[in-house]
$ cat target-v2.cif   # mmCIF, C-alpha atoms
data_my_file
#
loop_
_atom_site.group_PDB
_atom_site.id
_atom_site.type_symbol
_atom_site.label_atom_id
_atom_site.label_comp_id
_atom_site.auth_asym_id
_atom_site.auth_seq_id
_atom_site.Cartn_x
_atom_site.Cartn_y
_atom_site.Cartn_z
ATOM 1 C CA MET F 1 -25.206 25.995 2.341
ATOM 2 C CA GLY F 2 -28.078 23.578 2.950
ATOM 3 C CA ARG F 3 -28.056 20.587 5.224
ATOM 4 C CA LEU F 4 -26.129 17.574 4.087
ATOM 5 C CA SER F 5 -27.994 14.394 3.340
ATOM 6 C CA ARG F 6 -27.200 11.355 5.476
ATOM 7 C CA ALA F 7 -25.007 9.889 2.727
ATOM 8 C CA GLU F 8 -23.174 13.184 2.226
ATOM 9 C CA LEU F 9 -22.582 13.549 5.967
ATOM 10 C CA GLN F 10 -21.282 9.990 6.191
ATOM 11 C CA GLU F 11 -18.903 10.601 3.264
ATOM 12 C CA HIS F 12 -17.767 13.888 4.837
ATOM 13 C CA ASN F 13 -17.077 12.150 8.171
ATOM 14 C CA ARG F 14 -15.254 9.307 6.444
ATOM 15 C CA ALA F 15 -12.982 11.824 4.690
ATOM 16 C CA ARG F 16 -12.296 13.563 8.018
ATOM 17 C CA VAL F 17 -11.427 10.234 9.653
ATOM 18 C CA LEU F 18 -9.106 9.275 6.776
ATOM 19 C CA GLU F 19 -7.284 12.614 6.940
ATOM 20 C CA ALA F 20 -6.932 12.425 10.717
ATOM 21 C CA ALA F 21 -5.750 8.814 10.511
ATOM 22 C CA ARG F 22 -3.215 9.653 7.810
ATOM 23 C CA ASN F 23 -1.719 12.331 10.051
ATOM 24 C CA GLU F 24 -1.773 10.096 13.142
ATOM 25 C CA PHE F 25 -0.158 7.151 11.333
ATOM 26 C CA ALA F 26 2.431 9.459 9.730
ATOM 27 C CA GLU F 27 3.401 10.922 13.111
ATOM 28 C CA ARG F 28 3.213 7.842 15.310
ATOM 29 C CA GLY F 29 3.401 4.859 12.952
ATOM 30 C CA PHE F 30 0.810 2.098 13.060
ATOM 31 C CA PRO F 31 1.671 0.687 16.514
ATOM 32 C CA GLY F 32 1.726 4.099 18.204
ATOM 33 C CA ALA F 33 -1.464 5.429 16.619
ATOM 34 C CA LYS F 34 -4.598 5.334 18.761
ATOM 35 C CA VAL F 35 -8.195 5.309 17.536
ATOM 36 C CA ASP F 36 -9.137 7.813 20.256
ATOM 37 C CA ALA F 37 -6.472 10.228 18.987
ATOM 38 C CA ILE F 38 -7.723 9.783 15.412
ATOM 39 C CA ALA F 39 -11.282 10.538 16.530
ATOM 40 C CA GLU F 40 -10.086 13.627 18.410
ATOM 41 C CA ARG F 41 -8.135 14.874 15.380
ATOM 42 C CA ALA F 42 -11.218 14.381 13.201
ATOM 43 C CA GLY F 43 -13.448 16.152 15.702
ATOM 44 C CA LEU F 44 -15.631 13.058 15.943
ATOM 45 C CA THR F 45 -16.389 10.381 18.479
ATOM 46 C CA ARG F 46 -14.659 7.027 18.657
ATOM 47 C CA GLY F 47 -18.000 5.491 17.632
ATOM 48 C CA ALA F 48 -18.004 7.603 14.457
ATOM 49 C CA VAL F 49 -14.592 6.180 13.562
ATOM 50 C CA TYR F 50 -15.810 2.624 14.146
ATOM 51 C CA SER F 51 -18.998 3.254 12.189
ATOM 52 C CA ASN F 52 -16.805 3.927 9.151
ATOM 53 C CA PHE F 53 -14.058 1.344 9.739
ATOM 54 C CA PRO F 54 -14.183 -1.971 11.614
ATOM 55 C CA GLY F 55 -10.819 -1.434 13.298
ATOM 56 C CA LYS F 56 -7.438 0.276 13.308
ATOM 57 C CA ARG F 57 -5.904 -2.156 10.779
ATOM 58 C CA ALA F 58 -8.767 -1.604 8.311
ATOM 59 C CA LEU F 59 -8.370 2.144 8.765
ATOM 60 C CA TYR F 60 -4.622 1.847 8.150
ATOM 61 C CA PHE F 61 -5.179 -0.095 4.930
ATOM 62 C CA ALA F 62 -7.829 2.449 3.853
ATOM 63 C CA VAL F 63 -5.372 5.319 4.410
ATOM 64 C CA LEU F 64 -2.709 3.575 2.312
ATOM 65 C CA ALA F 65 -5.235 2.750 -0.428
ATOM 66 C CA ASP F 66 -6.498 6.347 -0.447
ATOM 67 C CA LEU F 67 -2.953 7.648 -0.814
ATOM 68 C CA ALA F 68 -2.211 5.201 -3.616
ATOM 69 C CA GLU F 69 -5.273 6.440 -5.506
ATOM 70 C CA ARG F 70 -4.596 10.156 -4.973
ATOM 71 C CA VAL F 71 -0.863 10.492 -5.415
ATOM 72 C CA PRO F 72 0.422 10.407 -8.972
ATOM 73 C CA GLY F 73 2.953 7.721 -9.676
ATOM 74 C CA PRO F 74 6.542 8.504 -10.505
ATOM 75 C CA PRO F 75 7.524 8.800 -14.128
ATOM 76 C CA HIS F 76 7.930 5.356 -15.597
ATOM 77 C CA PRO F 77 11.475 4.477 -16.574
ATOM 78 C CA ALA F 78 12.061 3.267 -20.083
ATOM 79 C CA PRO F 79 11.332 -0.445 -20.189
ATOM 80 C CA GLY F 80 14.284 -2.672 -20.851
ATOM 81 C CA ARG F 81 14.685 -4.551 -24.074
ATOM 82 C CA THR F 82 16.248 -7.503 -22.308
ATOM 83 C CA GLY F 83 15.345 -9.363 -19.125
ATOM 84 C CA PRO F 84 18.219 -7.868 -17.093
ATOM 85 C CA GLN F 85 17.425 -4.339 -18.325
ATOM 86 C CA ALA F 86 13.732 -4.796 -17.462
ATOM 87 C CA LEU F 87 14.586 -6.109 -13.990
ATOM 88 C CA GLY F 88 16.934 -3.157 -13.481
ATOM 89 C CA ALA F 89 14.154 -0.723 -14.444
ATOM 90 C CA LEU F 90 11.755 -2.521 -12.082
ATOM 91 C CA ALA F 91 14.258 -2.351 -9.211
ATOM 92 C CA ARG F 92 14.954 1.369 -9.812
ATOM 93 C CA ALA F 93 11.233 2.180 -9.886
ATOM 94 C CA TRP F 94 10.679 0.098 -6.738
ATOM 95 C CA LEU F 95 13.524 1.787 -4.870
ATOM 96 C CA ALA F 96 12.333 5.237 -5.923
ATOM 97 C CA GLU F 97 9.151 4.556 -3.942
ATOM 98 C CA LEU F 98 10.938 3.702 -0.693
ATOM 99 C CA PRO F 99 11.283 6.324 2.010
ATOM 100 C CA LEU F 100 14.790 7.417 2.860
ATOM 101 C CA VAL F 101 15.868 6.061 6.234
ATOM 102 C CA GLY F 102 16.127 8.907 8.724
ATOM 103 C CA ALA F 103 14.854 11.475 6.252
ATOM 104 C CA GLY F 104 11.796 13.609 6.755
ATOM 105 C CA THR F 105 10.402 12.774 3.352
ATOM 106 C CA GLY F 106 10.467 9.870 1.008
ATOM 107 C CA GLY F 107 8.153 7.669 -0.964
ATOM 108 C CA ARG F 108 5.199 9.066 -2.868
ATOM 109 C CA ASP F 109 3.261 10.070 0.229
ATOM 110 C CA GLY F 110 6.103 12.179 1.620
ATOM 111 C CA SER F 111 6.043 10.356 4.945
ATOM 112 C CA PRO F 112 8.451 7.523 5.647
ATOM 113 C CA ARG F 113 6.444 6.300 8.634
ATOM 114 C CA LEU F 114 3.165 5.659 6.838
ATOM 115 C CA GLY F 115 3.970 2.415 5.055
ATOM 116 C CA ARG F 116 6.614 1.159 7.451
ATOM 117 C CA HIS F 117 4.307 -1.353 9.159
ATOM 118 C CA LEU F 118 2.380 -2.532 6.117
ATOM 119 C CA MET F 119 3.983 -5.966 5.788
ATOM 120 C CA ALA F 120 3.728 -6.679 9.515
ATOM 121 C CA GLU F 121 0.012 -5.874 9.401
ATOM 122 C CA VAL F 122 -0.547 -7.912 6.237
ATOM 123 C CA LEU F 123 1.123 -10.902 7.864
ATOM 124 C CA ALA F 124 -0.659 -10.451 11.211
ATOM 125 C CA GLU F 125 -4.011 -11.798 10.083
ATOM 126 C CA GLU F 126 -4.864 -14.885 8.021
ATOM 127 C CA ARG F 127 -7.780 -13.112 6.278
ATOM 128 C CA VAL F 128 -5.297 -10.628 4.826
ATOM 129 C CA ARG F 129 -2.222 -12.857 4.542
ATOM 130 C CA LEU F 130 -3.747 -15.445 2.179
ATOM 131 C CA PRO F 131 -5.099 -12.996 -0.445
ATOM 132 C CA PHE F 132 -1.826 -11.062 -0.278
ATOM 133 C CA ALA F 133 0.153 -14.267 -0.925
ATOM 134 C CA GLN F 134 -2.121 -15.049 -3.876
ATOM 135 C CA LEU F 135 -1.626 -11.545 -5.224
ATOM 136 C CA MET F 136 2.157 -11.909 -4.912
ATOM 137 C CA LYS F 137 1.980 -15.232 -6.782
ATOM 138 C CA LEU F 138 -0.006 -13.542 -9.560
ATOM 139 C CA ASP F 139 2.594 -10.738 -9.693
ATOM 140 C CA ALA F 140 5.340 -13.357 -10.048
ATOM 141 C CA ILE F 141 3.462 -15.116 -12.864
ATOM 142 C CA LEU F 142 2.956 -11.839 -14.734
ATOM 143 C CA LEU F 143 6.578 -10.787 -14.244
ATOM 144 C CA GLY F 144 7.761 -14.242 -15.312
ATOM 145 C CA LEU F 145 5.679 -14.083 -18.497
ATOM 146 C CA ALA F 146 7.019 -10.598 -19.259
ATOM 147 C CA LEU F 147 10.588 -11.826 -18.796
ATOM 148 C CA GLU F 148 9.909 -14.760 -21.109
ATOM 149 C CA GLU F 149 8.779 -12.319 -23.818
ATOM 150 C CA LEU F 150 12.135 -10.511 -23.513
ATOM 151 C CA ARG F 151 14.168 -13.693 -23.891
ATOM 152 C CA PRO F 152 16.634 -13.384 -26.756
ATOM 153 C CA PRO F 153 16.183 -15.670 -29.747
ATOM 154 C CA GLY F 154 17.955 -18.967 -29.256
ATOM 155 C CA ALA F 155 17.986 -18.691 -25.451
ATOM 156 C CA PRO F 156 16.978 -21.812 -23.539
ATOM 157 C CA SER F 157 13.243 -22.089 -23.067
ATOM 158 C CA GLY F 158 11.529 -22.597 -19.745
ATOM 159 C CA ARG F 159 9.339 -20.750 -17.338
ATOM 160 C CA LEU F 160 10.795 -17.785 -15.420
ATOM 161 C CA VAL F 161 8.184 -17.599 -12.663
ATOM 162 C CA ARG F 162 10.599 -18.855 -9.996
ATOM 163 C CA ARG F 163 13.158 -16.229 -11.019
ATOM 164 C CA ALA F 164 10.403 -13.590 -10.876
ATOM 165 C CA GLU F 165 9.386 -14.817 -7.400
ATOM 166 C CA ALA F 166 13.007 -14.475 -6.253
ATOM 167 C CA VAL F 167 13.192 -10.920 -7.645
ATOM 168 C CA LEU F 168 9.934 -9.859 -5.986
ATOM 169 C CA THR F 169 10.933 -11.485 -2.683
ATOM 170 C CA THR F 170 14.242 -9.637 -2.772
ATOM 171 C CA LEU F 171 12.524 -6.313 -3.479
ATOM 172 C CA HIS F 172 10.038 -6.854 -0.659
#
$ encode --input "target-v2.cif" --output "structure tokens"
Amino acid sequence: MGRLSRAELQEHNRARVLEAARNEFAERGFPGAKVDAIAERAGLTRGAVYSNFPGKRALYFAVLADLAERVPGPPHPAPGRTGPQALGALARAWLAELPLVGAGTGGRDGSPRLGRHLMAEVLAEERVRLPFAQLMKLDAILLGLALEELRPPGAPSGRLVRRAEAVLTTLH
């Protein structure tokens, strides 16, 4: 095999860091994971980790994003024909993604520890918190519009965004 180009080597190192970080976060959770341990697992220097990611939080988010892209989603339940049926299907699909408390597996990534600290890390920094809040508002608008489409004929009109916000808040 020939020498890797600079771009290929950088991509190879990034993949090694992501794999090492996934294992470290799965074993120790976000607070217990150390960048030095991730570098050691990857067989790289701490500087190599920081040349690919600006910090531990960014690395954590990259690991979760990588898993979300790689792991196939669960089978989609049949959508409901009414608002309550649709909300029930949403709740079942949401709960199917949660890790089992105390179990060795759970969620799509097979590791209950990996996503445990996501919300705390989202809320820890204003640069992340504001876009996340905007994304949640957009989710509520989309869910509200979908619920309005399922409203039975003759039902009172009105926007269902607040109801959708309450549902999403409860699920979170």
$ resolve_selection --input "target-v2.cif" --expression "the PyMOL selection byres ((chain F and resi 8-19) around 7)" --output "list of chain:residue names"
F:Leu4, F:Ser5, F:Arg6, F:Ala7, F:Ala20, F:Ala21, F:Arg22, F:Asn23, F:Ile38, F:Ala39, F:Ala42, F:Val49, F:Asn52, F:Val63
$ closest_residue --input "target-v2.cif" --among "F:Val35, F:Leu138, F:Arg129, F:Pro153" --to "Tyr60 in chain F" --atoms "all atoms listed in the file"
F:Val35
$ atom_distance --input "target-v2.cif" --atom1 "CA of Lys137 in chain F" --atom2 "CA of Pro31 in chain F"
28.2 Å
$ atom_distance --input "target-v2.cif" --atom1 "CA of Leu143 in chain F" --atom2 "CA of Ala164 in chain F"
5.8 Å
$ atom_distance --input "target-v2.cif" --atom1 "CA of Ala140 in chain F" --atom2 "CA of Gly29 in chain F"
29.4 Å
$ resolve_selection --input "target-v2.cif" --expression "the PyMOL selection byres ((chain F and resi 168) around 12)" --output "MDAnalysis selection string"
chainID F and resid 87 90:91 94 133 135:144 161:167 169:172
